>>> print(open('start27.cif').read())   # mmCIF, C-alpha atoms (C1' of nucleotides)
data_my_file
#
loop_
_atom_site.label_atom_id
_atom_site.label_comp_id
_atom_site.auth_asym_id
_atom_site.auth_seq_id
_atom_site.Cartn_x
_atom_site.Cartn_y
_atom_site.Cartn_z
CA MET L 1 -7.96 10.27 22.86
CA THR L 2 -10.52 9.08 20.34
CA ARG L 3 -13.68 11.15 20.24
CA TRP L 4 -16.24 8.36 20.06
CA LEU L 5 -19.72 9.04 18.79
CA ASN L 6 -22.31 9.82 21.42
CA ASP L 7 -25.76 8.27 21.24
CA ASP L 8 -27.30 10.96 19.07
CA GLU L 9 -24.43 10.85 16.64
CA GLN L 10 -24.42 7.09 16.60
CA ARG L 11 -28.11 6.89 15.80
CA ALA L 12 -27.95 9.55 13.11
CA TRP L 13 -24.96 7.95 11.44
CA ARG L 14 -26.36 4.45 11.49
CA ALA L 15 -29.76 5.55 10.24
CA PHE L 16 -28.28 7.64 7.48
CA GLY L 17 -25.79 5.00 6.42
CA LEU L 18 -28.39 2.29 6.21
CA ALA L 19 -31.03 4.47 4.59
CA SER L 20 -28.78 5.70 1.84
CA ARG L 21 -27.58 2.17 1.15
CA LEU L 22 -31.09 0.76 0.99
CA LEU L 23 -32.30 3.61 -1.17
CA THR L 24 -29.41 3.17 -3.57
CA ASP L 25 -30.06 -0.56 -3.77
CA ARG L 26 -33.74 -0.06 -4.34
CA LEU L 27 -33.35 2.50 -7.09
CA GLU L 28 -30.78 0.29 -8.71
CA ARG L 29 -33.08 -2.71 -8.69
CA ASP L 30 -35.96 -0.67 -10.11
CA LEU L 31 -33.85 0.79 -12.87
CA LEU L 32 -32.28 -2.55 -13.68
CA ALA L 33 -35.70 -4.14 -13.92
CA GLY L 34 -37.15 -1.35 -16.02
CA ALA L 35 -34.26 -0.42 -18.26
CA GLY L 36 -31.80 -3.28 -18.11
CA MET L 37 -29.04 -0.94 -17.07
CA PRO L 38 -27.48 0.22 -13.82
CA PRO L 39 -28.00 3.79 -12.57
CA THR L 40 -24.47 4.75 -13.50
CA TYR L 41 -25.12 3.97 -17.15
CA TYR L 42 -28.42 5.80 -17.00
CA GLU L 43 -26.58 8.82 -15.65
CA LEU L 44 -24.24 8.78 -18.63
CA LEU L 45 -27.15 8.73 -21.04
CA VAL L 46 -28.73 11.66 -19.22
CA LEU L 47 -25.52 13.66 -19.43
CA LEU L 48 -25.14 12.94 -23.13
CA SER L 49 -28.77 13.79 -23.83
CA GLU L 50 -28.30 17.22 -22.29
CA ALA L 51 -25.02 17.95 -24.05
CA PRO L 52 -24.68 19.88 -27.33
CA GLU L 53 -24.78 17.47 -30.28
CA ARG L 54 -25.53 14.76 -27.68
CA THR L 55 -21.78 14.45 -27.54
CA MET L 56 -19.12 14.53 -24.85
CA ARG L 57 -15.47 13.76 -24.42
CA MET L 58 -14.70 10.69 -22.34
CA SER L 59 -12.84 12.86 -19.87
CA GLU L 60 -15.83 15.17 -19.50
CA LEU L 61 -18.06 12.22 -18.71
CA ALA L 62 -15.54 11.13 -16.10
CA HIS L 63 -15.45 14.62 -14.66
CA TRP L 64 -19.19 15.13 -14.33
CA THR L 65 -19.81 11.71 -12.90
CA ASN L 66 -16.93 12.06 -10.47
CA SER L 67 -15.45 8.80 -11.61
CA LYS L 68 -12.28 7.28 -13.00
CA PRO L 69 -11.46 7.03 -16.69
CA SER L 70 -11.52 3.28 -16.68
CA ARG L 71 -15.12 3.21 -15.55
CA ILE L 72 -16.19 5.43 -18.44
CA SER L 73 -14.24 3.27 -20.82
CA HIS L 74 -15.95 0.11 -19.61
CA ALA L 75 -19.35 1.74 -19.54
CA VAL L 76 -19.13 3.21 -23.02
CA ASN L 77 -18.07 -0.19 -24.29
CA LYS L 78 -21.24 -1.73 -22.91
CA LEU L 79 -23.44 1.11 -24.12
CA GLU L 80 -21.87 0.80 -27.54
CA GLU L 81 -22.68 -2.91 -27.63
CA LYS L 82 -26.30 -2.01 -26.95
CA GLY L 83 -26.22 0.52 -29.75
CA TRP L 84 -27.08 3.42 -27.46
CA VAL L 85 -23.78 5.25 -27.81
CA ARG L 86 -21.07 5.35 -30.43
CA ARG L 87 -17.48 6.53 -30.31
CA GLU L 88 -16.12 9.14 -32.66
CA HIS L 89 -12.57 10.21 -33.04
CA CYS L 90 -11.87 13.65 -31.65
CA VAL L 91 -10.84 15.98 -34.45
CA ASP L 92 -8.74 18.54 -32.65
CA ASP L 93 -6.98 16.09 -30.32
CA ARG L 94 -6.29 12.73 -31.81
CA ARG L 95 -5.72 11.16 -28.42
CA GLY L 96 -9.29 11.79 -27.44
CA TRP L 97 -12.65 10.21 -28.15
CA LEU L 98 -16.16 11.54 -28.25
CA ALA L 99 -19.10 9.56 -26.96
CA VAL L 100 -22.23 10.26 -28.99
CA LEU L 101 -25.74 9.34 -27.91
CA THR L 102 -27.47 7.53 -30.77
CA ASP L 103 -31.13 7.84 -31.67
CA ASP L 104 -31.70 4.42 -30.18
CA GLY L 105 -29.98 5.61 -27.02
CA LEU L 106 -32.19 8.64 -26.79
CA ALA L 107 -35.26 6.51 -27.36
CA ALA L 108 -34.16 4.08 -24.66
CA LEU L 109 -33.63 6.97 -22.28
CA ARG L 110 -37.04 8.49 -23.00
CA ALA L 111 -38.71 5.13 -22.55
CA THR L 112 -37.01 4.64 -19.21
CA ALA L 113 -37.19 8.05 -17.63
CA PRO L 114 -40.81 7.97 -16.42
CA ARG L 115 -40.35 4.77 -14.46
CA HIS L 116 -37.14 6.04 -12.97
CA VAL L 117 -38.68 9.33 -11.88
CA ALA L 118 -41.61 7.44 -10.41
CA SER L 119 -39.17 5.32 -8.46
CA VAL L 120 -37.32 8.33 -7.10
CA ARG L 121 -40.64 9.87 -6.12
CA GLU L 122 -41.91 6.74 -4.46
CA HIS L 123 -38.82 5.99 -2.40
CA LEU L 124 -37.59 9.48 -1.62
CA ILE L 125 -39.29 12.66 -2.77
CA ASP L 126 -42.88 11.87 -1.92
CA LEU L 127 -41.92 10.51 1.50
CA LEU L 128 -40.60 13.85 2.69
CA THR L 129 -42.23 17.18 3.41
CA PRO L 130 -41.06 20.16 1.36
CA GLU L 131 -39.35 21.39 4.50
CA GLN L 132 -37.49 18.11 4.91
CA LEU L 133 -36.52 18.13 1.28
CA ARG L 134 -34.98 21.55 1.73
CA GLN L 135 -33.14 20.37 4.83
CA LEU L 136 -31.85 17.36 2.94
CA GLU L 137 -30.57 19.55 0.15
CA ASP L 138 -28.81 21.87 2.60
CA ILE L 139 -27.19 18.98 4.41
CA SER L 140 -26.13 17.35 1.17
CA GLN L 141 -24.65 20.61 0.00
CA VAL L 142 -22.53 20.88 3.12
CA LEU L 143 -21.20 17.39 2.51
CA LEU L 144 -20.58 18.13 -1.16
CA ASP L 145 -18.65 21.30 -0.41
CA HIS L 146 -16.43 19.22 1.79
CA LEU L 147 -16.15 16.10 -0.34
CA ILE L 148 -15.87 17.36 -3.88
CA GLU L 149 -12.29 17.31 -4.98
CA PRO L 150 -11.19 20.73 -6.18
CA GLY L 151 -10.42 19.58 -9.72
CA GLY L 152 -13.29 17.16 -10.01
CA ALA L 153 -12.59 13.44 -10.20
CA GLN L 154 -9.49 12.06 -11.82
CA MET D 1 -48.95 11.67 -17.18
CA THR D 2 -45.54 11.46 -15.58
CA ARG D 3 -45.05 13.70 -12.58
CA TRP D 4 -41.60 15.07 -13.36
CA LEU D 5 -39.45 16.54 -10.64
CA ASN D 6 -39.66 20.30 -10.23
CA ASP D 7 -36.51 22.36 -9.72
CA ASP D 8 -36.45 22.05 -5.95
CA GLU D 9 -36.96 18.33 -6.08
CA GLN D 10 -34.41 17.94 -8.83
CA ARG D 11 -31.75 19.84 -6.90
CA ALA D 12 -32.43 18.02 -3.65
CA TRP D 13 -32.34 14.62 -5.30
CA ARG D 14 -29.17 15.28 -7.27
CA ALA D 15 -27.37 16.78 -4.29
CA PHE D 16 -28.38 13.94 -2.02
CA GLY D 17 -27.58 11.25 -4.54
CA LEU D 18 -24.14 12.60 -5.25
CA ALA D 19 -23.35 13.40 -1.63
CA SER D 20 -24.24 9.98 -0.34
CA ARG D 21 -22.23 8.36 -3.11
CA LEU D 22 -19.17 10.48 -2.49
CA LEU D 23 -19.41 9.96 1.25
CA THR D 24 -19.70 6.21 0.83
CA ASP D 25 -16.71 6.19 -1.50
CA ARG D 26 -14.65 8.31 0.82
CA LEU D 27 -15.37 6.24 3.92
CA GLU D 28 -14.63 3.12 1.94
CA ARG D 29 -11.27 4.44 0.80
CA ASP D 30 -10.32 5.52 4.32
CA LEU D 31 -11.30 2.20 5.82
CA LEU D 32 -9.58 0.25 3.10
CA ALA D 33 -6.40 2.25 3.60
CA GLY D 34 -6.50 1.96 7.37
CA ALA D 35 -7.78 -1.55 7.88
CA GLY D 36 -7.33 -3.36 4.59
CA MET D 37 -10.99 -4.29 4.50
CA PRO D 38 -14.16 -2.88 2.97
CA PRO D 39 -16.84 -1.30 5.18
CA THR D 40 -19.11 -4.28 4.76
CA TYR D 41 -16.54 -6.57 6.35
CA TYR D 42 -15.95 -4.06 9.11
CA GLU D 43 -19.66 -4.04 9.79
CA LEU D 44 -19.64 -7.80 10.22
CA LEU D 45 -16.84 -7.61 12.76
CA VAL D 46 -18.75 -4.93 14.68
CA LEU D 47 -21.86 -7.07 14.76
CA LEU D 48 -19.92 -10.10 15.97
CA SER D 49 -18.08 -8.09 18.60
CA GLU D 50 -21.38 -6.96 20.09
CA ALA D 51 -22.98 -10.40 20.03
CA PRO D 52 -23.03 -12.82 22.96
CA GLU D 53 -20.00 -15.13 22.79
CA ARG D 54 -18.88 -12.98 19.82
CA THR D 55 -20.91 -15.45 17.81
CA MET D 56 -23.71 -15.28 15.27
CA ARG D 57 -25.47 -17.51 12.82
CA MET D 58 -24.77 -16.80 9.16
CA SER D 59 -28.44 -16.05 8.64
CA GLU D 60 -28.45 -13.54 11.50
CA LEU D 61 -25.53 -11.73 9.96
CA ALA D 62 -27.40 -11.64 6.68
CA HIS D 63 -30.49 -10.33 8.43
CA TRP D 64 -28.81 -7.52 10.35
CA THR D 65 -26.78 -6.35 7.40
CA ASN D 66 -29.78 -6.49 5.09
CA SER D 67 -27.91 -8.62 2.65
CA LYS D 68 -28.06 -11.90 0.81
CA PRO D 69 -26.72 -15.20 2.13
CA SER D 70 -24.11 -15.50 -0.58
CA ARG D 71 -22.50 -12.25 0.44
CA ILE D 72 -22.10 -13.44 4.02
CA SER D 73 -20.69 -16.68 2.78
CA HIS D 74 -18.05 -14.95 0.67
CA ALA D 75 -17.25 -12.42 3.37
CA VAL D 76 -16.82 -14.99 6.11
CA ASN D 77 -14.53 -16.94 3.82
CA LYS D 78 -12.29 -13.93 3.43
CA LEU D 79 -12.41 -13.06 7.12
CA GLU D 80 -11.57 -16.65 7.94
CA GLU D 81 -8.54 -16.49 5.65
CA LYS D 82 -7.36 -13.47 7.59
CA GLY D 83 -7.87 -15.34 10.85
CA TRP D 84 -10.39 -12.82 12.18
CA VAL D 85 -13.37 -15.14 12.17
CA ARG D 86 -13.81 -18.89 12.36
CA ARG D 87 -16.74 -21.11 11.50
CA GLU D 88 -18.25 -23.53 13.99
CA HIS D 89 -20.86 -26.11 13.35
CA CYS D 90 -24.22 -25.23 14.84
CA VAL D 91 -25.12 -27.78 17.50
CA ASP D 92 -28.90 -27.63 17.52
CA ASP D 93 -29.29 -27.31 13.75
CA ARG D 94 -26.76 -29.17 11.74
CA ARG D 95 -27.58 -27.26 8.58
CA GLY D 96 -26.35 -24.07 10.16
CA TRP D 97 -23.00 -22.46 10.86
CA LEU D 98 -21.84 -20.05 13.51
CA ALA D 99 -19.39 -17.29 12.73
CA VAL D 100 -17.15 -16.59 15.71
CA LEU D 101 -14.98 -13.50 16.08
CA THR D 102 -11.47 -14.59 17.04
CA ASP D 103 -9.14 -12.75 19.41
CA ASP D 104 -7.17 -11.59 16.40
CA GLY D 105 -10.39 -10.34 14.85
CA LEU D 106 -11.28 -8.38 17.94
CA ALA D 107 -7.80 -6.93 18.07
CA ALA D 108 -8.00 -5.92 14.42
CA LEU D 109 -11.34 -4.27 15.05
CA ARG D 110 -10.08 -2.35 18.09
CA ALA D 111 -7.04 -1.21 16.16
CA THR D 112 -9.20 0.04 13.32
CA ALA D 113 -12.13 1.62 15.10
CA PRO D 114 -10.53 4.94 16.09
CA ARG D 115 -9.51 5.79 12.53
CA HIS D 116 -12.89 4.82 11.23
CA VAL D 117 -14.72 6.96 13.77
CA ALA D 118 -12.41 9.84 12.98
CA SER D 119 -13.27 9.43 9.32
CA VAL D 120 -17.01 9.44 9.99
CA ARG D 121 -16.56 12.54 12.11
CA GLU D 122 -14.47 14.34 9.57
CA HIS D 123 -16.68 13.69 6.57
CA LEU D 124 -20.11 13.75 8.17
CA ILE D 125 -20.75 14.35 11.85
CA ASP D 126 -18.50 17.31 12.46
CA LEU D 127 -19.70 19.03 9.31
CA LEU D 128 -23.26 19.32 10.54
CA THR D 129 -24.90 21.27 13.35
CA PRO D 130 -26.66 19.24 16.05
CA GLU D 131 -29.91 20.50 14.56
CA GLN D 132 -28.95 19.25 11.11
CA LEU D 133 -27.88 15.94 12.55
CA ARG D 134 -31.28 15.53 14.12
CA GLN D 135 -32.97 16.44 10.84
CA LEU D 136 -30.83 13.92 9.02
CA GLU D 137 -31.79 11.21 11.46
CA ASP D 138 -35.48 12.02 11.11
CA ILE D 139 -35.31 12.00 7.34
CA SER D 140 -33.35 8.76 7.32
CA GLN D 141 -35.88 7.19 9.64
CA VAL D 142 -38.71 8.07 7.27
CA LEU D 143 -36.84 6.40 4.44
CA LEU D 144 -36.04 3.37 6.56
CA ASP D 145 -39.65 2.90 7.64
CA HIS D 146 -40.52 2.83 3.98
CA LEU D 147 -37.63 0.79 2.65
CA ILE D 148 -37.05 -1.88 5.24
CA GLU D 149 -38.65 -5.08 4.13
CA PRO D 150 -41.01 -6.47 6.76
CA GLY D 151 -39.09 -9.70 7.27
CA GLY D 152 -35.62 -8.20 7.02
CA ALA D 153 -33.41 -8.91 4.02
CA GLN D 154 -34.04 -11.80 1.76
"C1'" DG V 1 -41.68 -44.12 9.58
"C1'" DG V 2 -41.56 -42.17 4.96
"C1'" DC V 3 -41.86 -38.44 1.60
"C1'" DG V 4 -42.39 -33.92 -0.26
"C1'" DT V 5 -41.44 -29.20 1.12
"C1'" DT V 6 -39.00 -25.69 3.32
"C1'" DT V 7 -34.80 -23.77 5.16
"C1'" DA V 8 -29.44 -22.92 5.77
"C1'" DG V 9 -25.71 -22.29 3.45
"C1'" DT V 10 -22.34 -22.87 -0.49
"C1'" DT V 11 -20.83 -22.56 -5.27
"C1'" DC V 12 -20.59 -20.81 -9.98
"C1'" DA V 13 -20.99 -17.47 -13.66
"C1'" DG V 14 -21.20 -12.87 -14.68
"C1'" DC V 15 -21.32 -7.72 -13.65
"C1'" DG V 16 -19.53 -3.07 -12.47
"C1'" DC V 17 -15.73 -1.09 -10.71
"C1'" DG V 18 -10.80 0.49 -9.43
"C1'" DA V 19 -5.62 0.21 -9.55
"C1'" DA V 20 -1.96 -0.26 -12.30
"C1'" DA V 21 0.35 -1.07 -16.48
"C1'" DC V 22 0.29 0.34 -21.00
"C1'" DC V 23 0.05 2.92 -25.72
"C1'" DA V 24 -0.50 7.00 -28.43
"C1'" DT V 25 -0.54 11.84 -28.88
"C1'" DT V 26 0.53 16.42 -27.44
"C1'" DC V 27 3.13 19.83 -24.94
"C1'" DA V 28 7.31 22.34 -22.99
"C1'" DG V 29 11.91 23.50 -22.71
"C1'" DT V 30 15.96 24.02 -24.88
"C1'" DA S 1 13.57 20.44 -34.35
"C1'" DC S 2 14.13 17.03 -30.53
"C1'" DT S 3 13.46 14.89 -26.55
"C1'" DG S 4 11.33 14.10 -21.98
"C1'" DA S 5 7.19 14.88 -19.50
"C1'" DA S 6 2.37 15.17 -19.22
"C1'" DT S 7 -2.25 13.86 -20.93
"C1'" DG S 8 -6.32 10.97 -22.90
"C1'" DG S 9 -7.93 6.49 -23.10
"C1'" DT S 10 -7.72 1.53 -23.04
"C1'" DT S 11 -6.70 -3.00 -21.12
"C1'" DT S 12 -5.75 -6.47 -17.70
"C1'" DC S 13 -6.47 -8.31 -13.39
"C1'" DG S 14 -8.60 -8.80 -9.07
"C1'" DC S 15 -12.37 -7.57 -5.81
"C1'" DG S 16 -17.06 -7.60 -3.79
"C1'" DC S 17 -21.43 -8.59 -4.99
"C1'" DT S 18 -25.79 -10.88 -7.02
"C1'" DG S 19 -28.95 -14.46 -9.01
"C1'" DA S 20 -29.47 -19.01 -9.83
"C1'" DA S 21 -28.45 -23.70 -9.34
"C1'" DC S 22 -27.22 -26.86 -5.95
"C1'" DT S 23 -26.48 -29.85 -1.44
"C1'" DA S 24 -27.78 -31.15 2.95
"C1'" DA S 25 -30.43 -31.09 6.97
"C1'" DA S 26 -34.97 -30.26 9.28
"C1'" DC S 27 -39.95 -30.04 9.24
"C1'" DG S 28 -44.94 -31.33 8.23
"C1'" DC S 29 -48.22 -34.41 7.33
"C1'" DC S 30 -50.33 -38.62 6.42
#
>>> encode(input="start27.cif", output="structure tokens")
Amino acid sequence: MTRWLNDDEQRAWRAFGLASRLLTDRLERDLLAGAGMPPTYYELLVLLSEAPERTMRMSELAHWTNSKPSRISHAVNKLEEKGWVRREHCVDDRRGWLAVLTDDGLAALRATAPRHVASVREHLIDLLTPEQLRQLEDISQVLLDHLIEPGGAQ
Amino acid sequence: MTRWLNDDEQRAWRAFGLASRLLTDRLERDLLAGAGMPPTYYELLVLLSEAPERTMRMSELAHWTNSKPSRISHAVNKLEEKGWVRREHCVDDRRGWLAVLTDDGLAALRATAPRHVASVREHLIDLLTPEQLRQLEDISQVLLDHLIEPGGAQ
DNA sequence: GGCGTTTAGTTCAGCGCGAAACCATTCAGT
DNA sequence: ACTGAATGGTTTCGCGCTGAACTAAACGCC
């Protein structure tokens, strides 16, 4: 009844599972060592830095990071403590809050980015041929089309 | 000075990063719903079930899961509470402990496996062509050769 | 044999996260 | 205008994990 994995499938799945876990761990360690923050926080700073006015609604941050509101709330708290982000009341909807990237936050991001990019290069990009990189993108896109929830994350 | 990512690299990296995170999350949710345990615990049961006498040293478990001793210690505690694993003193080295998969543990694993395999199929294997699956394995292997620490996990 | 060093494993404090309960504001239907 | 439902965020609690400090047993070397 159960369609078990054959040898090829087994090997591919195990290799992929382990590789993506190790890569994630490694990038996390590098970023933590270099920037004192986890990748998820870094991602928030990147999003804010690319947004108009360096500002985003909490719910937008949750949406674009495919995560739950509570995570954003926790994260923005921590980033606020570090002085990298500040909250502002939302004018047109008094339930909402805006997260604003501060100058210090932008500086921290700029100081960190080179090391992070170098890490991504070292442990992923530069290991693969351009052809493999294209294959990886195609494969990832297939997974994303399947996995992304229609309305984004809640 | 910094070699920034070009567009192709950027897209590949972002797609891969997000896809592997979403896949991990999804498999975790499925497994948690179906078996009441996180994937990491499941992995331990699998390892034990394949080991001679359904038995392994704590340090071996740590080695093969590429993880730290403290994680194994916590995990085996929890699995012991559930009655799926029990500890036995190691005879030839009285510092060490053996983790033994109980009959209940094996039963729990067997009851869970089909749903887990179905989940892996649904969200990964069956989405890809055999060609893509082979590419994914090759790519993963490149990463593993680079990332695996010579002596296993520390 | 005795003593410092290494090794196996546990414990404790703290982190990032999710689920669920909760509060405040806004919206929809009448 | 009023009331019930939906929405935006926060808070509390518990989980799995890590790093560091710690205990106990084994090893190396004289």
>>> interface_residues(input="start27.cif", of="chain V", to="chain D", cutoff="9 Å", atoms="only C-alpha atoms (C1' of nucleotides)", output="list in words")
DT7, DA8, DG9 and DT10 of chain V
>>> resolve_selection(input="start27.cif", expression="the PyMOL selection byres ((chain S and resi 13-28) around 12)", output="PyMOL selection string")
(chain L and resi 25+29) or (chain D and resi 37-41+67-75+78+90+92-96) or (chain V and resi 2-21) or (chain S and resi 11-12+29-30)
>>> interface_residues(input="start27.cif", of="chain S", to="chain L", cutoff="8 Å", atoms="only C-alpha atoms (C1' of nucleotides)", output="PyMOL selection string")
chain S and resi 8-10
>>> write_last_selection(input="start27.cif", atoms="C-alpha atoms (C1' of nucleotides)", output="compact mmCIF listing (two decimals), in the coordinates of the input")
# COMPACT_ATOMS: atom_id res chain seq x y z
C1' DG S 8 -6.32 10.97 -22.90
C1' DG S 9 -7.93 6.49 -23.10
C1' DT S 10 -7.72 1.53 -23.04
>>> resolve_selection(input="start27.cif", expression="the PyMOL selection byres ((chain D and resi 113-130) around 8)", output="list in words")
Thr2, Arg3, Trp4, Leu5, Glu9, Trp13, Ile139, Val142, Leu143, His146 and Leu147 of chain L; Leu23, Leu27, Asp30, Leu31, Gly34, Leu109, Arg110, Ala111, Thr112, Glu131, Gln132, Leu133 and Arg134 of chain D
>>> write_last_selection(input="start27.cif", atoms="C-alpha atoms", output="compact mmCIF listing (two decimals), in the frame of the given file")
# COMPACT_ATOMS: atom_id res chain seq x y z
CA THR L 2 -10.52 9.08 20.34
CA ARG L 3 -13.68 11.15 20.24
CA TRP L 4 -16.24 8.36 20.06
CA LEU L 5 -19.72 9.04 18.79
CA GLU L 9 -24.43 10.85 16.64
CA TRP L 13 -24.96 7.95 11.44
CA ILE L 139 -27.19 18.98 4.41
CA VAL L 142 -22.53 20.88 3.12
CA LEU L 143 -21.20 17.39 2.51
CA HIS L 146 -16.43 19.22 1.79
CA LEU L 147 -16.15 16.10 -0.34
CA LEU D 23 -19.41 9.96 1.25
CA LEU D 27 -15.37 6.24 3.92
CA ASP D 30 -10.32 5.52 4.32
CA LEU D 31 -11.30 2.20 5.82
CA GLY D 34 -6.50 1.96 7.37
CA LEU D 109 -11.34 -4.27 15.05
CA ARG D 110 -10.08 -2.35 18.09
CA ALA D 111 -7.04 -1.21 16.16
CA THR D 112 -9.20 0.04 13.32
CA GLU D 131 -29.91 20.50 14.56
CA GLN D 132 -28.95 19.25 11.11
CA LEU D 133 -27.88 15.94 12.55
CA ARG D 134 -31.28 15.53 14.12
>>> interface_residues(input="start27.cif", of="chain D", to="chain L", cutoff="6 Å", atoms="only C-alpha atoms", output="MDAnalysis selection string")
chainID D and resid 2 12 15:16 19 114 137 140 144
>>> residues_around(input="start27.cif", residues="Val85 in chain D", least_positions_apart="2", cutoff="9 Å", atoms="only C-alpha atoms (C1' of nucleotides)", output="ChimeraX atom specification")
/D:45,76-83,87,99-105
>>> atom_distance(input="start27.cif", atom1="C1' of DA6 in chain S", atom2="C1' of DC27 in chain V")
7.4 Å
>>> atom_distance(input="start27.cif", atom1="CA of Leu47 in chain L", atom2="C1' of DT7 in chain S")
23.3 Å
>>> atom_distance(input="start27.cif", atom1="CA of Thr55 in chain D", atom2="CA of Gly36 in chain D")
22.5 Å
>>> axis_aligned_box(input="start27.cif", around="range 24-38 of chain L", padding_each_side="5 Å", output="AutoDock Vina command-line options")
--center_x -32.3 --center_y -0.5 --center_z -10.9 --size_x 19.7 --size_y 17.3 --size_z 24.7
